[in-house]
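Chemist: Sharing my_file_20.txt here; it has compact mmCIF, C-alpha atoms.
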# COMPACT_ATOMS: atom_id res chain seq x y z
CA MET A 153 2.75 36.63 44.33
CA ILE A 154 5.35 34.63 42.46
CA TYR A 155 7.25 36.56 39.86
CA ASP A 156 7.83 34.61 36.68
CA VAL A 157 11.61 34.57 36.28
CA SER A 158 11.27 33.77 32.58
CA LYS A 159 9.94 37.32 32.11
CA LEU A 160 13.29 38.88 33.00
CA THR A 161 14.51 40.96 30.09
CA GLU A 162 18.04 41.80 28.97
CA PHE A 163 17.50 45.21 30.51
CA HIS A 164 16.65 43.67 33.88
CA TYR A 165 19.68 41.45 33.73
CA SER A 166 22.05 44.32 33.05
CA ALA A 167 20.41 46.56 35.64
CA LEU A 168 20.70 43.85 38.31
CA LYS A 169 24.31 43.25 37.35
CA GLU A 170 25.08 46.95 37.54
CA ILE A 171 23.49 47.27 40.96
CA SER A 172 25.38 44.25 42.12
CA ASN A 173 28.57 45.74 40.79
CA ILE A 174 28.08 48.85 42.90
CA GLY A 175 27.21 46.72 45.90
CA ILE A 176 30.26 44.53 45.58
CA GLY A 177 32.46 47.55 44.87
CA ASN A 178 31.38 49.02 48.15
CA ALA A 179 31.83 45.75 49.95
CA VAL A 180 35.27 44.90 48.70
CA THR A 181 36.55 48.44 49.24
CA SER A 182 35.78 48.03 52.94
CA LEU A 183 37.66 44.75 52.98
CA ALA A 184 40.61 46.25 51.12
CA MET A 185 40.82 49.04 53.68
CA MET A 186 40.82 46.52 56.50
CA LEU A 187 43.56 44.46 54.90
CA GLY A 188 45.44 47.38 53.41
CA SER A 189 45.66 46.04 49.88
CA GLU A 190 44.44 46.44 46.33
CA VAL A 191 41.25 44.82 45.14
CA LYS A 192 40.11 43.54 41.80
CA ILE A 193 36.49 42.75 41.09
CA MET A 194 35.24 40.76 38.15
CA THR A 195 31.99 41.64 36.44
CA PRO A 196 29.23 39.90 38.33
CA ASP A 197 27.63 36.90 36.75
CA LEU A 198 23.87 36.73 37.02
CA LYS A 199 22.08 33.44 36.72
CA VAL A 200 18.63 32.16 37.30
CA ALA A 201 18.92 28.56 38.44
CA LYS A 202 16.59 25.92 39.73
CA ILE A 203 17.10 25.54 43.47
CA GLU A 204 18.45 22.01 42.97
CA GLU A 205 21.17 23.33 40.69
CA VAL A 206 22.45 26.19 42.82
CA THR A 207 25.27 24.29 44.55
CA GLU A 208 26.74 23.15 41.26
CA ALA A 209 26.39 26.69 39.90
CA SER A 210 28.25 27.94 42.99
CA GLY A 211 31.43 26.03 42.34
CA GLY A 212 30.83 22.32 42.96
CA ALA A 213 29.00 20.55 45.78
CA ASP A 214 31.99 18.76 47.31
CA LYS A 215 34.52 21.58 47.17
CA LEU A 216 35.85 22.51 50.61
CA VAL A 217 35.54 26.19 51.43
CA SER A 218 35.26 28.61 54.27
CA GLY A 219 31.71 29.92 54.04
CA VAL A 220 29.89 32.75 55.76
CA LEU A 221 26.12 32.88 55.49
CA MET A 222 23.74 35.72 56.15
CA GLU A 223 20.02 35.91 55.78
CA LEU A 224 18.55 38.92 53.99
CA SER A 225 15.39 40.45 55.28
CA GLY A 226 13.37 43.64 55.10
CA GLY A 227 12.32 44.57 51.56
CA VAL A 228 13.93 41.54 49.97
CA ASN A 229 14.18 37.88 50.92
CA GLY A 230 17.23 35.84 50.26
CA TYR A 231 20.68 34.95 51.47
CA MET A 232 24.21 36.16 51.03
CA VAL A 233 27.04 33.69 51.03
CA MET A 234 30.74 34.47 51.03
CA LEU A 235 32.87 31.54 49.90
CA LEU A 236 36.64 31.59 50.39
CA PRO A 237 39.12 28.87 49.48
CA LEU A 238 40.97 27.66 52.59
CA GLU A 239 44.22 29.40 51.61
CA SER A 240 42.46 32.75 51.17
CA ALA A 241 40.68 32.43 54.50
CA LYS A 242 44.01 31.62 56.17
CA LEU A 243 45.67 34.60 54.52
CA ILE A 244 43.01 36.97 55.83
CA CYS A 245 43.51 35.56 59.34
CA ASN A 246 47.29 35.82 59.00
CA ILE A 247 47.08 39.47 57.99
CA MET A 248 44.56 40.46 60.63
CA THR A 249 46.15 38.61 63.54
CA LYS A 250 49.74 39.14 62.36
CA GLN A 251 50.38 35.41 62.70
CA GLN A 252 51.64 32.66 60.45
CA ASN A 253 49.68 29.62 59.36
CA SER A 254 46.38 30.46 61.04
CA ASN A 255 44.00 27.63 61.85
CA ILE A 256 40.59 28.68 60.57
CA ASN A 257 38.78 26.32 62.91
CA ASP A 258 40.12 28.30 65.85
CA PRO A 259 37.10 30.13 67.36
CA MET A 260 38.96 33.45 67.22
CA ASN A 261 39.64 33.06 63.52
CA GLU A 262 36.16 31.75 62.87
CA SER A 263 34.64 34.92 64.26
CA LEU A 264 37.17 36.97 62.34
CA ILE A 265 36.12 35.36 59.05
CA SER A 266 32.47 35.77 60.04
CA GLU A 267 33.08 39.47 60.60
CA VAL A 268 34.79 39.85 57.23
CA GLY A 269 31.76 38.20 55.63
CA HIS A 270 29.47 40.44 57.59
CA ILE A 271 31.32 43.59 56.57
CA LEU A 272 31.13 42.52 52.93
CA GLY A 273 27.48 41.59 53.22
CA SER A 274 26.46 44.75 55.05
CA ALA A 275 28.38 47.04 52.71
CA TYR A 276 26.79 45.30 49.75
CA MET A 277 23.29 45.55 51.16
CA THR A 278 23.77 49.20 52.16
CA ALA A 279 24.66 50.11 48.58
CA PHE A 280 21.81 47.98 47.34
CA SER A 281 19.17 49.49 49.60
CA ASP A 282 20.40 53.07 49.10
CA LEU A 283 20.29 52.70 45.37
CA LEU A 284 16.94 50.98 45.15
CA LYS A 285 15.35 52.69 48.15
CA VAL A 286 14.53 49.28 49.54
CA ASP A 287 14.97 48.63 53.20
CA ALA A 288 17.06 45.47 53.28
CA PHE A 289 19.70 44.18 55.62
CA ALA A 290 21.88 41.17 56.34
CA SER A 291 21.50 39.08 59.52
CA ALA A 292 24.29 38.08 61.88
CA PRO A 293 26.82 35.90 60.07
CA PHE A 294 27.48 32.17 60.47
CA HIS A 295 30.82 30.66 59.59
CA ILE A 296 31.30 27.06 58.45
CA TYR A 297 34.31 25.31 56.94
CA ASP A 298 32.87 22.45 54.91
CA MET A 299 31.75 21.33 51.47
CA ILE A 300 29.83 23.91 49.41
CA GLY A 301 26.85 21.56 49.12
CA ALA A 302 26.66 21.05 52.85
CA ILE A 303 27.09 24.76 53.56
CA MET A 304 24.32 25.73 51.19
CA ASP A 305 21.74 22.98 51.30
CA ASN A 306 20.08 24.32 54.41
CA ILE A 307 19.31 27.69 52.85
CA LEU A 308 18.27 26.03 49.60
CA ILE A 309 15.89 23.81 51.55
CA GLN A 310 14.37 26.92 53.14
CA MET A 311 14.03 28.63 49.77
CA SER A 312 12.67 25.56 47.99
CA GLN A 313 9.58 25.61 50.17
CA GLU A 314 8.51 28.93 48.67
CA VAL A 315 10.10 29.17 45.24
CA GLU A 316 11.47 26.98 42.46
CA HIS A 317 14.26 29.25 41.26
CA ALA A 318 16.90 31.45 42.80
CA ILE A 319 18.49 34.50 41.24
CA ILE A 320 22.20 34.15 41.79
CA LEU A 321 24.59 37.05 41.56
CA ASN A 322 28.07 35.66 41.66
CA THR A 323 31.06 37.97 41.94
CA LEU A 324 34.69 37.02 42.07
CA PHE A 325 37.08 39.31 43.86
CA THR A 326 40.83 39.13 44.29
CA LEU A 327 43.14 40.88 46.74
CA LYS A 328 46.87 41.01 47.27
CA GLY A 329 47.64 40.36 43.64
CA ASN A 330 45.88 37.08 43.09
CA ASP A 331 46.88 35.46 46.34
CA MET A 332 43.51 35.97 47.88
CA HIS A 333 40.26 35.42 46.10
CA GLY A 334 36.70 34.72 47.01
CA LYS A 335 33.13 34.71 45.88
CA LEU A 336 30.17 36.65 47.07
CA LEU A 337 26.85 35.05 46.19
CA THR A 338 23.54 36.79 46.59
CA LEU A 339 20.52 34.55 46.31
CA PHE A 340 17.25 36.37 45.86
CA ASP A 341 13.95 34.77 46.31
CA PRO A 342 12.04 35.58 43.08
CA THR A 343 9.17 36.90 45.21
CA SER A 344 11.47 39.85 45.99
CA LEU A 345 12.01 40.43 42.30
CA GLU A 346 8.84 42.34 41.69
CA LEU A 347 9.83 45.01 44.16
CA ILE A 348 13.43 45.11 42.93
CA LEU A 349 12.38 45.42 39.29
CA GLU A 350 9.88 48.16 40.07
CA GLN A 351 12.67 50.15 41.67
CA VAL A 352 15.01 49.37 38.79
CA ASN A 353 12.46 50.70 36.32
CA ALA A 354 11.95 53.85 38.38
CA LEU A 355 15.68 54.38 38.61
CA PHE A 356 16.68 53.85 35.02
CA HIS A 357 13.72 55.39 33.17
CA MET B 1076 30.36 6.24 38.44
CA ILE B 1077 27.02 8.03 38.43
CA VAL B 1078 26.90 11.40 40.20
CA ILE B 1079 23.50 12.25 41.59
CA GLY B 1080 22.51 15.88 42.12
CA MET B 1081 20.38 17.43 44.80
CA ALA B 1082 16.76 16.20 44.67
CA ASP B 1083 17.62 13.44 42.23
CA TYR B 1084 18.13 9.67 42.20
CA ALA B 1085 19.65 6.88 40.15
CA VAL B 1086 19.60 3.08 40.14
CA SER B 1087 22.10 0.65 38.72
CA ARG B 1088 23.35 -2.90 38.55
CA SER B 1089 26.78 -4.04 39.75
CA PRO B 1090 29.56 -2.93 39.36
CA GLU B 1091 28.50 0.71 38.93
CA LYS B 1092 29.13 3.15 41.78
CA LEU B 1093 26.54 5.76 42.77
CA THR B 1094 27.55 8.94 44.53
CA THR B 1095 26.10 12.23 45.74
CA LEU B 1096 28.18 15.15 46.96
CA GLY B 1097 28.09 17.53 49.90
CA LEU B 1098 25.06 16.44 51.92
CA GLY B 1099 24.34 18.88 54.71
CA SER B 1100 20.80 18.74 56.03
CA CYS B 1101 19.78 16.67 53.04
CA VAL B 1102 19.74 12.87 53.38
CA GLY B 1103 21.34 10.33 51.04
CA ILE B 1104 19.34 7.09 51.13
CA ALA B 1105 21.01 4.01 49.65
CA LEU B 1106 18.90 0.92 48.92
CA TYR B 1107 20.44 -2.39 47.95
CA ASP B 1108 19.37 -5.83 46.77
CA PRO B 1109 22.36 -8.03 47.73
CA VAL B 1110 21.29 -11.00 45.59
CA ALA B 1111 20.63 -9.18 42.31
CA LYS B 1112 23.41 -6.70 43.19
CA ILE B 1113 21.24 -3.75 42.30
CA GLY B 1114 21.60 -0.44 44.12
CA GLY B 1115 19.73 2.84 44.23
CA LEU B 1116 20.64 6.18 45.73
CA ILE B 1117 18.48 9.25 46.32
CA HIS B 1118 19.38 12.74 47.62
CA ILE B 1119 16.28 14.13 49.34
CA MET B 1120 15.84 17.71 50.61
CA LEU B 1121 12.60 17.69 52.56
CA PRO B 1122 10.54 15.25 54.64
CA THR B 1123 7.20 15.33 52.88
CA ILE B 1124 5.50 16.26 49.63
CA GLU B 1125 2.29 16.88 51.53
CA ASN B 1126 1.52 20.62 51.60
CA ALA B 1127 4.51 21.30 49.33
CA ARG B 1128 3.98 24.11 46.88
CA PHE B 1129 5.88 22.44 44.06
CA LYS B 1130 5.24 18.74 43.67
CA ASP B 1131 6.68 18.09 40.23
CA ASN B 1132 9.91 16.43 41.43
CA CYS B 1133 9.25 13.33 43.55
CA ALA B 1134 12.97 12.99 44.37
CA LYS B 1135 12.91 16.14 46.48
CA PHE B 1136 10.96 14.55 49.34
CA ALA B 1137 11.53 11.47 51.52
CA ASP B 1138 7.94 10.24 51.37
CA SER B 1139 7.55 10.52 47.60
CA GLY B 1140 11.16 9.79 46.64
CA ILE B 1141 11.73 6.45 48.39
CA PRO B 1142 8.73 4.77 46.66
CA CYS B 1143 9.96 6.15 43.29
CA LEU B 1144 13.41 4.73 43.95
CA ILE B 1145 12.06 1.29 44.96
CA GLU B 1146 9.86 1.13 41.88
CA GLU B 1147 12.78 1.99 39.63
CA MET B 1148 14.96 -0.70 41.27
CA ILE B 1149 12.26 -3.33 40.81
CA ARG B 1150 11.94 -2.30 37.17
CA ILE B 1151 15.58 -3.26 36.55
CA GLY B 1152 15.29 -6.55 38.42
CA ALA B 1153 15.55 -5.97 42.18
CA VAL B 1154 13.24 -7.90 44.49
CA ARG B 1155 11.42 -5.76 46.98
CA ARG B 1156 11.61 -8.04 50.04
CA ARG B 1157 15.37 -8.35 49.65
CA LEU B 1158 15.99 -4.59 49.81
CA VAL B 1159 17.98 -3.13 52.68
CA ALA B 1160 18.69 0.54 53.43
CA LYS B 1161 21.62 2.60 54.66
CA ILE B 1162 21.31 6.34 55.24
CA ALA B 1163 23.62 9.32 55.78
CA GLY B 1164 23.30 13.09 56.15
CA GLY B 1165 20.68 15.09 58.02
CA ALA B 1166 23.22 17.33 59.74
CA LYS B 1167 22.40 20.52 61.57
CA MET B 1168 24.86 22.85 59.90
CA PHE B 1169 23.65 26.06 61.55
CA SER B 1170 20.39 27.79 62.28
CA PHE B 1171 19.24 31.33 61.76
CA ASN B 1172 17.37 32.90 64.64
CA SER B 1173 14.32 33.54 62.53
CA ASP B 1174 14.06 29.94 61.38
CA ALA B 1175 10.70 28.62 62.40
CA SER B 1176 11.47 25.17 61.07
CA LEU B 1177 14.44 24.34 63.25
CA ASN B 1178 16.61 21.40 62.44
CA ILE B 1179 15.39 20.34 59.06
CA GLY B 1180 18.17 17.72 59.02
CA GLU B 1181 16.67 15.84 61.93
CA ARG B 1182 13.20 16.05 60.43
CA ASN B 1183 14.55 14.63 57.17
CA VAL B 1184 16.10 11.69 59.03
CA GLN B 1185 12.93 11.01 61.01
CA ALA B 1186 10.76 11.09 57.90
CA THR B 1187 13.20 8.81 56.05
CA LYS B 1188 13.07 6.23 58.84
CA MET B 1189 9.32 6.37 58.98
CA VAL B 1190 8.92 5.86 55.23
CA LEU B 1191 11.43 2.97 55.23
CA SER B 1192 9.58 1.24 58.03
CA GLU B 1193 6.22 1.78 56.29
CA MET B 1194 7.66 0.27 53.13
CA LYS B 1195 9.16 -2.59 55.19
CA VAL B 1196 12.72 -1.94 54.08
CA PRO B 1197 15.07 -2.69 57.00
CA LEU B 1198 17.48 0.11 57.89
CA ILE B 1199 20.74 -1.68 58.58
CA SER B 1200 23.09 1.21 59.28
CA GLU B 1201 23.27 4.98 59.43
CA ASP B 1202 25.62 7.94 59.81
CA VAL B 1203 23.38 10.91 60.49
CA GLY B 1204 23.08 14.18 62.41
CA LYS B 1205 26.03 16.11 63.91
CA ASN B 1206 27.16 19.32 62.29
CA TYR B 1207 29.23 18.47 59.24
CA GLY B 1208 28.73 17.72 55.57
CA ARG B 1209 29.05 14.29 53.96
CA THR B 1210 29.80 12.94 50.50
CA VAL B 1211 28.48 9.41 50.02
CA LEU B 1212 29.16 6.57 47.61
CA LEU B 1213 27.30 3.28 47.19
CA ASP B 1214 29.23 0.40 45.67
CA THR B 1215 26.60 -1.74 43.92
CA ASP B 1216 28.99 -4.69 43.80
CA THR B 1217 29.25 -5.02 47.58
CA GLY B 1218 26.50 -2.84 49.03
CA VAL B 1219 29.11 -0.95 51.01
CA TYR B 1220 28.22 2.69 51.68
CA TYR B 1221 31.24 4.99 51.96
CA ILE B 1222 30.85 8.32 53.77
CA LYS B 1223 33.46 11.04 53.50
CA SER B 1224 33.54 14.25 55.49
CA ALA B 1225 35.97 17.12 55.76
CA ILE B 1226 36.28 16.86 59.51
CA MET B 1227 35.74 13.21 60.37
CA GLY B 1228 37.46 11.56 57.41
CA GLU B 1229 36.00 8.35 55.95
CA ASN B 1230 33.40 6.11 57.51
CA ILE B 1231 32.25 2.82 55.99
CA ILE B 1232 28.83 1.47 56.84
Translate this structure into structure tokens?
Modeler:
Amino acid sequence: MIYDVSKLTEFHYSALKEISNIGIGNAVTSLAMMLGSEVKIMTPDLKVAKIEEVTEASGGADKLVSGVLMELSGGVNGYMVMLLPLESAKLICNIMTKQQNSNINDPMNESLISEVGHILGSAYMTAFSDLLKVDAFASAPFHIYDMIGAIMDNILIQMSQEVEHAIILNTLFTLKGNDMHGKLLTLFDPTSLELILEQVNALFH
Amino acid sequence: MIVIGMADYAVSRSPEKLTTLGLGSCVGIALYDPVAKIGGLIHIMLPTIENARFKDNCAKFADSGIPCLIEEMIRIGAVRRRLVAKIAGGAKMFSFNSDASLNIGERNVQATKMVLSEMKVPLISEDVGKNYGRTVLLDTDTGVYYIKSAIMGENII
């Protein structure tokens, strides 16, 4: 069944944001421990966008970023995408490998960035599934350094065959002062919404 | 300059430039009438509207989008038998293990070529496939199709 996204209420929006906040809190804490630094997380932004508009809503189709993609499966369908500006991706590699001026296209660094994305994604989904009692997990990560549009169009193509809209939870996080920042996007297929909202209602009422 | 979003198209007369950003598996199809100097550009996502669940946007699919684009070009003065095509995109960026529909990029390119040949629009050049994203720009004054990528730099076709 297709859930009508126009039926989302203010309550649903804030509940989803709150859940996302806990998820991202979990996720970024793991990253901060790995990198040994302080983390700041902005309040997540929740948007319902037409599939065709998701890349623009994610920061601009031709912006070059280091992206890690994971597919969500189990109780919910969707994707998680971590987007890092090149400088932030380099900084993570520098810290982890104790080197200067890391090349993020180096296979070693690529898998390192993938792992960072995976740790973020898994920590997020663990919090999410614990809270909502939904069995959901993130797939193995893929890393690509390219334009946001090119990184995301494949998953949007997949989603567009089933649904017209995506629910986008967009969270900005910063580490090491403001030297490192990134974005964690969670795209839910609205068909997963029914289950999520049921659990939200059970949890908050 | 007119910026065209995903699953959208635009047509224009010279000297306007038409562009679409960050093509991955999607395909950017540029059509051009060199005499009237009229160009059209479409950013398609999927090969065919047949069996699609949502059919409201013709620009999403190669087989419904290309005829829409041609019609729109003719409406502003292009002549159908003069049209030529250049295409870019259709990359294979990555694939998840569970993906049943492997390589959507290649399928998009194949469908595009089939539709162009059915509509008797000659395909004069292409920059497709591989594993990187492309930003494209059609200059309606010259018919030149510029392709920019992060890894390969600029290609002119």
Chemist: List every protein, DNA or RNA residue that has at least one atom no more than 8 Å from (17.9, 45.8, 55.0) in the file's coordinates, counting all atoms listed in the file, and write the result as JSON, numbers by chain.
Modeler: {"A": [224, 225, 226, 227, 228, 277, 278, 281, 286, 287, 288, 289, 290]}
Chemist: Write a file of the just-selected residues containing C-alpha atoms, as a tab-separated table (two decimals), keeping the file's coordinate frame.
Modeler:
chain	number	residue	atom	x	y	z
A	224	LEU	CA	18.55	38.92	53.99
A	225	SER	CA	15.39	40.45	55.28
A	226	GLY	CA	13.37	43.64	55.10
A	227	GLY	CA	12.32	44.57	51.56
A	228	VAL	CA	13.93	41.54	49.97
A	277	MET	CA	23.29	45.55	51.16
A	278	THR	CA	23.77	49.20	52.16
A	281	SER	CA	19.17	49.49	49.60
A	286	VAL	CA	14.53	49.28	49.54
A	287	ASP	CA	14.97	48.63	53.20
A	288	ALA	CA	17.06	45.47	53.28
A	289	PHE	CA	19.70	44.18	55.62
A	290	ALA	CA	21.88	41.17	56.34
Chemist: Rank B:Asn1178, B:Gln1185, B:Gly1152, B:Gly1208 by their smallest atom-to-atom distance to Val1110 (chain B), using all atoms listed in the file, and report the top residue only.
Modeler: B:Gly1152
Chemist: Ranking B:Arg1155, B:Gly1099, B:Thr1094, B:Pro1109 by minimum distance to Thr1217 (chain B) and counting only C-alpha atoms, which one comes first?
Modeler: B:Pro1109
Chemist: Pick out the residues sitting within 10 Å of Glu1091 (chain B), and hand them over as a ChimeraX atom specification; count all atoms listed in the file, and ignore anything fewer than 4 positions along from it in its own chain.
Modeler: /B:1076-1077,1086-1087,1112-1114,1213-1216
Chemist: Within 8 Å of Met299 (chain A), counting all atoms listed in the file, which residues qualify if same-chain residues fewer than 4 places away don't, as JSON, numbers by chain?
Modeler: {"A": [213, 214, 215, 216, 217, 303], "B": [1097, 1208, 1209, 1225]}
Chemist: At what distance in Å, to one decimal, does CA of Ser312 (chain A) lie from CA of Ala1186 (chain B)?
Modeler: 17.6 Å
Chemist: Return the single residue from B:Thr1210, B:Asn1230, B:Thr1187, B:Ser1089 that is closest to chain A, with distances computed using all atoms listed in the file.
Modeler: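 Closest candidate: B:Thr1210.
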Chemist: What residues in chain A lie within 10 Å of chain B, counting all atoms listed in the file, written as an MDAnalysis selection string?
Modeler: chainID A and resid 203:208 212:216 221:223 291:310 312:316
Chemist: For the residues in that selection, give me C-alpha atoms as an mmCIF file, in the frame of the given file.
Modeler:
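What landed in selection.cif:
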data_model
loop_
_atom_site.group_PDB
_atom_site.id
_atom_site.type_symbol
_atom_site.label_atom_id
_atom_site.label_comp_id
_atom_site.auth_asym_id
_atom_site.auth_seq_id
_atom_site.Cartn_x
_atom_site.Cartn_y
_atom_site.Cartn_z
ATOM 1 C CA ILE A 203 17.100 25.540 43.470
ATOM 2 C CA GLU A 204 18.450 22.010 42.970
ATOM 3 C CA GLU A 205 21.170 23.330 40.690
ATOM 4 C CA VAL A 206 22.450 26.190 42.820
ATOM 5 C CA THR A 207 25.270 24.290 44.550
ATOM 6 C CA GLU A 208 26.740 23.150 41.260
ATOM 7 C CA GLY A 212 30.830 22.320 42.960
ATOM 8 C CA ALA A 213 29.000 20.550 45.780
ATOM 9 C CA ASP A 214 31.990 18.760 47.310
ATOM 10 C CA LYS A 215 34.520 21.580 47.170
ATOM 11 C CA LEU A 216 35.850 22.510 50.610
ATOM 12 C CA LEU A 221 26.120 32.880 55.490
ATOM 13 C CA MET A 222 23.740 35.720 56.150
ATOM 14 C CA GLU A 223 20.020 35.910 55.780
ATOM 15 C CA SER A 291 21.500 39.080 59.520
ATOM 16 C CA ALA A 292 24.290 38.080 61.880
ATOM 17 C CA PRO A 293 26.820 35.900 60.070
ATOM 18 C CA PHE A 294 27.480 32.170 60.470
ATOM 19 C CA HIS A 295 30.820 30.660 59.590
ATOM 20 C CA ILE A 296 31.300 27.060 58.450
ATOM 21 C CA TYR A 297 34.310 25.310 56.940
ATOM 22 C CA ASP A 298 32.870 22.450 54.910
ATOM 23 C CA MET A 299 31.750 21.330 51.470
ATOM 24 C CA ILE A 300 29.830 23.910 49.410
ATOM 25 C CA GLY A 301 26.850 21.560 49.120
ATOM 26 C CA ALA A 302 26.660 21.050 52.850
ATOM 27 C CA ILE A 303 27.090 24.760 53.560
ATOM 28 C CA MET A 304 24.320 25.730 51.190
ATOM 29 C CA ASP A 305 21.740 22.980 51.300
ATOM 30 C CA ASN A 306 20.080 24.320 54.410
ATOM 31 C CA ILE A 307 19.310 27.690 52.850
ATOM 32 C CA LEU A 308 18.270 26.030 49.600
ATOM 33 C CA ILE A 309 15.890 23.810 51.550
ATOM 34 C CA GLN A 310 14.370 26.920 53.140
ATOM 35 C CA SER A 312 12.670 25.560 47.990
ATOM 36 C CA GLN A 313 9.580 25.610 50.170
ATOM 37 C CA GLU A 314 8.510 28.930 48.670
ATOM 38 C CA VAL A 315 10.100 29.170 45.240
ATOM 39 C CA GLU A 316 11.470 26.980 42.460
#
Chemist: Go ahead and compute the interatomic distance for CA of Ala1085 (chain B) and CA of Ile1145 (chain B), in Å to one decimal.
Modeler: 10.6 Å
Chemist: Within 9 Å of Ile174 (chain A), counting all atoms listed in the file, which residues qualify if same-chain residues fewer than 4 places away don't, as a ChimeraX atom specification?
Modeler: /A:169-170,178-179,276,279-280
Chemist: Find the residue from B:Leu1158, B:Met1227, B:Val1190, B:Leu1212 that sits nearest to Val1078 (chain B); use only C-alpha atoms when measuring.
Modeler: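 Using only C-alpha atoms, the shortest distance to Val1078 (chain B) belongs to B:Leu1212.
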Chemist: Please, what distance in Å, to one decimal, runs between CA of Asp1108 (chain B) and CA of Gly1228 (chain B)?
Modeler: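 Computing it gives 27.3 Å between the two atoms.
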Chemist: Within 7 Å of Leu1198 (chain B), counting all atoms listed in the file, which residues show up once you throw out same-chain ones fewer than 5 positions away? Write them as a ChimeraX atom specification, please.
Modeler: /B:1159-1161
